Amino acid sequence: MGVIVIHKLAKTRETLWLRLLGKGRVQAQAIQELETLPEENRCRESVIKLVRELVALLTKRQNQEENLDPEDKELIVTLTQMYEEAMADVREEIRQQAKEEFLQQGIQQGLQQGLQQGIQQGLQQGLQQGKEEEKKQATLRWINNLLRVRFGEINKELTAIVEKLASLPPEEIAPLLLQCSRSELLARFQIEEEEG
(Lines give C-alpha, C1' and ligand atoms only; values in the text may rest on other atoms or scores of the structure.)
Protein backbone atom coordinates (compact mmCIF):
# COMPACT_ATOMS: atom_id res chain seq x y z
CA MET A 1 0.00 0.00 0.00
CA GLY A 2 1.31 3.44 -0.93
CA VAL A 3 0.58 6.98 0.06
CA ILE A 4 -0.30 9.61 -2.52
CA VAL A 5 0.97 13.11 -1.87
CA ILE A 6 -1.53 15.16 -3.87
CA HIS A 7 0.43 18.39 -4.09
CA LYS A 8 3.39 16.46 -5.57
CA LEU A 9 1.37 14.84 -8.39
CA ALA A 10 2.20 15.75 -11.99
CA LYS A 11 -0.26 18.19 -13.55
CA THR A 12 -1.82 15.83 -16.11
CA ARG A 13 -5.39 14.92 -17.00
CA GLU A 14 -4.85 11.52 -15.41
CA THR A 15 -4.20 13.11 -12.01
CA LEU A 16 -6.91 15.78 -12.29
CA TRP A 17 -9.45 13.94 -10.13
CA LEU A 18 -6.95 13.36 -7.35
CA ARG A 19 -5.75 16.98 -7.46
CA LEU A 20 -9.38 18.13 -7.12
CA LEU A 21 -9.31 16.37 -3.74
CA GLY A 22 -6.26 18.40 -2.70
CA LYS A 23 -6.25 21.68 -0.82
CA GLY A 24 -5.48 25.30 -1.56
CA ARG A 25 -3.57 26.15 -4.74
CA VAL A 26 -3.40 22.53 -5.94
CA GLN A 27 -7.17 22.21 -5.77
CA ALA A 28 -7.81 25.66 -7.29
CA GLN A 29 -5.49 24.88 -10.20
CA ALA A 30 -7.20 21.50 -10.76
CA ILE A 31 -10.60 23.24 -10.86
CA GLN A 32 -9.27 25.73 -13.43
CA GLU A 33 -7.95 22.84 -15.55
CA LEU A 34 -11.33 21.12 -15.33
CA GLU A 35 -13.13 24.27 -16.46
CA THR A 36 -10.82 24.67 -19.47
CA LEU A 37 -11.30 21.13 -20.76
CA PRO A 38 -13.27 21.07 -24.03
CA GLU A 39 -16.92 20.10 -23.59
CA GLU A 40 -16.58 17.05 -25.83
CA ASN A 41 -13.66 15.69 -23.76
CA ARG A 42 -14.57 12.30 -22.25
CA CYS A 43 -12.35 12.98 -19.25
CA ARG A 44 -14.35 16.14 -18.51
CA GLU A 45 -17.62 14.21 -18.59
CA SER A 46 -16.25 11.60 -16.19
CA VAL A 47 -14.78 14.19 -13.84
CA ILE A 48 -18.06 16.20 -13.89
CA LYS A 49 -19.93 13.09 -12.74
CA LEU A 50 -17.41 12.55 -9.99
CA VAL A 51 -17.59 16.24 -9.03
CA ARG A 52 -21.35 15.88 -8.62
CA GLU A 53 -20.76 13.06 -6.16
CA LEU A 54 -18.06 15.08 -4.37
CA VAL A 55 -20.34 18.11 -4.11
CA ALA A 56 -23.10 15.92 -2.67
CA LEU A 57 -20.64 14.45 -0.17
CA LEU A 58 -19.22 17.83 0.82
CA THR A 59 -22.68 19.35 1.12
CA LYS A 60 -23.73 16.50 3.38
CA ARG A 61 -20.59 17.05 5.45
CA GLN A 62 -21.30 20.80 5.54
CA ASN A 63 -24.80 20.14 6.84
CA GLN A 64 -23.41 17.86 9.58
CA GLU A 65 -20.54 20.15 10.62
CA GLU A 66 -21.15 23.78 11.36
CA ASN A 67 -17.47 24.72 11.51
CA LEU A 68 -16.53 23.71 7.97
CA ASP A 69 -13.14 24.86 6.74
CA PRO A 70 -13.50 28.04 4.53
CA GLU A 71 -11.53 26.31 1.76
CA ASP A 72 -14.05 23.46 1.78
CA LYS A 73 -16.92 25.98 1.65
CA GLU A 74 -15.27 27.70 -1.30
CA LEU A 75 -14.69 24.32 -2.95
CA ILE A 76 -18.37 23.43 -2.54
CA VAL A 77 -19.47 26.74 -4.07
CA THR A 78 -17.00 26.51 -6.97
CA LEU A 79 -17.69 22.87 -7.78
CA THR A 80 -21.45 23.31 -7.44
CA GLN A 81 -21.37 26.26 -9.82
CA MET A 82 -19.18 24.39 -12.30
CA TYR A 83 -21.42 21.32 -12.11
CA GLU A 84 -24.57 23.40 -12.64
CA GLU A 85 -23.00 25.12 -15.66
CA ALA A 86 -21.99 21.76 -17.12
CA MET A 87 -25.48 20.40 -16.55
CA ALA A 88 -26.99 23.52 -18.13
CA ASP A 89 -24.82 22.89 -21.19
CA VAL A 90 -25.93 19.26 -21.29
CA ARG A 91 -29.59 20.27 -20.96
CA GLU A 92 -29.20 22.85 -23.74
CA GLU A 93 -27.53 20.26 -25.96
CA ILE A 94 -30.37 17.81 -25.28
CA ARG A 95 -32.90 20.57 -26.06
CA GLN A 96 -31.14 21.35 -29.32
CA GLN A 97 -31.04 17.67 -30.31
CA ALA A 98 -34.73 17.29 -29.46
CA LYS A 99 -35.54 20.43 -31.44
CA GLU A 100 -33.58 19.13 -34.45
CA GLU A 101 -35.25 15.72 -34.22
CA PHE A 102 -38.67 17.37 -33.94
CA LEU A 103 -37.87 19.57 -36.93
CA GLN A 104 -36.72 16.55 -38.96
CA GLN A 105 -39.90 14.67 -38.03
CA GLY A 106 -41.99 17.69 -39.01
CA ILE A 107 -40.20 17.97 -42.34
CA GLN A 108 -40.60 14.23 -42.95
CA GLN A 109 -44.31 14.33 -42.12
CA GLY A 110 -44.77 17.44 -44.27
CA LEU A 111 -43.04 15.74 -47.18
CA GLN A 112 -45.13 12.61 -46.79
CA GLN A 113 -48.37 14.56 -46.56
CA GLY A 114 -47.37 16.77 -49.49
CA LEU A 115 -46.44 13.73 -51.53
CA GLN A 116 -49.73 12.01 -50.69
CA GLN A 117 -51.71 15.13 -51.57
CA GLY A 118 -49.71 15.55 -54.77
CA ILE A 119 -50.35 11.95 -55.78
CA GLN A 120 -54.04 12.30 -54.92
CA GLN A 121 -54.37 15.53 -56.91
CA GLY A 122 -52.42 14.02 -59.78
CA LEU A 123 -54.70 11.00 -59.83
CA GLN A 124 -57.79 13.19 -59.70
CA GLN A 125 -56.49 15.42 -62.49
CA GLY A 126 -55.51 12.35 -64.51
CA LEU A 127 -58.94 10.83 -64.04
CA GLN A 128 -60.61 14.12 -64.91
CA GLN A 129 -58.47 14.53 -68.02
CA GLY A 130 -59.13 10.90 -68.91
CA LYS A 131 -62.89 11.44 -68.57
CA GLU A 132 -62.71 14.62 -70.63
CA GLU A 133 -60.63 12.88 -73.30
CA GLU A 134 -63.01 9.92 -73.29
CA LYS A 135 -65.98 12.30 -73.60
CA LYS A 136 -64.24 14.13 -76.47
CA GLN A 137 -63.46 10.85 -78.23
CA ALA A 138 -67.07 9.72 -77.80
CA THR A 139 -68.28 13.04 -79.24
CA LEU A 140 -65.89 12.69 -82.20
CA ARG A 141 -67.09 9.12 -82.83
CA TRP A 142 -70.71 10.24 -82.62
CA ILE A 143 -70.10 13.13 -85.08
CA ASN A 144 -68.22 10.82 -87.47
CA ASN A 145 -70.98 8.21 -87.29
CA LEU A 146 -73.70 10.80 -87.89
CA LEU A 147 -71.76 12.29 -90.85
CA ARG A 148 -71.26 8.79 -92.28
CA VAL A 149 -74.98 8.02 -91.95
CA ARG A 150 -75.98 11.33 -93.56
CA PHE A 151 -73.33 11.67 -96.27
CA GLY A 152 -71.84 8.20 -96.75
CA GLU A 153 -68.08 8.19 -96.92
CA ILE A 154 -66.28 10.97 -95.04
CA ASN A 155 -63.75 12.81 -97.20
CA LYS A 156 -60.88 15.12 -96.16
CA GLU A 157 -63.10 18.19 -96.15
CA LEU A 158 -65.57 16.65 -93.70
CA THR A 159 -62.76 15.21 -91.57
CA ALA A 160 -61.33 18.74 -91.28
CA ILE A 161 -64.54 20.09 -89.68
CA VAL A 162 -65.12 17.23 -87.21
CA GLU A 163 -62.86 18.81 -84.53
CA LYS A 164 -64.57 22.18 -85.00
CA LEU A 165 -67.99 20.56 -84.64
CA ALA A 166 -66.84 18.76 -81.48
CA SER A 167 -65.82 22.08 -79.91
CA LEU A 168 -69.42 23.37 -80.10
CA PRO A 169 -71.90 22.91 -77.24
CA PRO A 170 -73.70 19.55 -77.61
CA GLU A 171 -77.12 21.20 -78.12
CA GLU A 172 -75.79 22.95 -81.27
CA ILE A 173 -74.08 19.92 -82.84
CA ALA A 174 -77.13 17.72 -83.46
CA PRO A 175 -79.26 20.38 -85.24
CA LEU A 176 -76.32 21.33 -87.49
CA LEU A 177 -75.61 17.73 -88.46
CA LEU A 178 -79.24 16.86 -89.01
CA GLN A 179 -80.42 20.03 -90.82
CA CYS A 180 -77.44 21.31 -92.84
CA SER A 181 -76.34 19.88 -96.15
CA ARG A 182 -72.75 18.84 -96.80
CA SER A 183 -72.01 22.08 -98.66
CA GLU A 184 -73.66 24.19 -95.93
CA LEU A 185 -71.56 22.53 -93.22
CA LEU A 186 -68.36 22.96 -95.24
CA ALA A 187 -69.25 26.57 -96.09
CA ARG A 188 -70.07 27.45 -92.47
CA PHE A 189 -66.84 26.07 -91.03
CA GLN A 190 -64.71 27.26 -93.95
CA ILE A 191 -66.00 30.82 -93.43
CA GLU A 192 -65.30 30.57 -89.66
CA GLU A 193 -61.82 29.30 -90.47
CA GLU A 194 -61.15 32.23 -92.80
CA GLU A 195 -62.47 34.70 -90.20
CA GLY A 196 -60.50 33.05 -87.35
# chains A, B, ... in the order shown; residues from 1 in each chain; ligands from 1
$ residues_around --residues "Glu14 (chain A)" --least-positions-apart "4" --cutoff "9 Å" --atoms "only C-alpha atoms" --output "VMD selection string"
chain A and resid 10 18 43
$ write_last_selection --atoms "N, CA and C atoms" --output "PDB file, in the first residue's frame"
ATOM      1  N   ALA A  10       1.987  15.043 -10.729  1.00  0.00           N
ATOM      2  CA  ALA A  10       2.204  15.752 -11.993  1.00  0.00           C
ATOM      3  C   ALA A  10       0.876  16.375 -12.431  1.00  0.00           C
ATOM      4  N   LEU A  18      -7.630  13.390  -8.648  1.00  0.00           N
ATOM      5  CA  LEU A  18      -6.950  13.362  -7.352  1.00  0.00           C
ATOM      6  C   LEU A  18      -6.572  14.772  -6.898  1.00  0.00           C
ATOM      7  N   CYS A  43     -12.885  12.835 -20.601  1.00  0.00           N
ATOM      8  CA  CYS A  43     -12.354  12.982 -19.253  1.00  0.00           C
ATOM      9  C   CYS A  43     -13.193  14.008 -18.489  1.00  0.00           C
TER      10      CYS A  43
END
$ select_by_dssp --residues "chain A" --states "helix (DSSP H, G or I)" --output "ChimeraX atom specification"
/A:6-8,13-20,24-36,42-64,70-151,156-166,170-179,182-195
$ closest_atom_pairs --of "region 44-153 of chain A" --to "region 181-190 of chain A" --cutoff "12 Å" --atoms "only C-alpha atoms" --output "tab-separated table"
residue	atom	partner	partner_atom	distance
A:Leu147	CA	A:Arg182	CA	8.9
A:Arg148	CA	A:Arg182	CA	11.1
A:Arg150	CA	A:Arg182	CA	8.8
A:Phe151	CA	A:Arg182	CA	7.2
A:Gly152	CA	A:Arg182	CA	10.7
A:Glu153	CA	A:Arg182	CA	11.6
$ residues_around --residues "Thr159 (chain A)" --least-positions-apart "5" --cutoff "10 Å" --atoms "only C-alpha atoms" --output "PyMOL selection string"
chain A and resi 144+147+154+164
$ atom_distance --atom1 "CA of Trp17 (chain A)" --atom2 "CA of Ala56 (chain A)"
15.7 Å
$ residues_around --residues "Gln81 (chain A)" --least-positions-apart "3" --cutoff "12 Å" --atoms "only C-alpha atoms" --output "ChimeraX atom specification"
/A:31,35,48,51-52,55,74-78,84-88
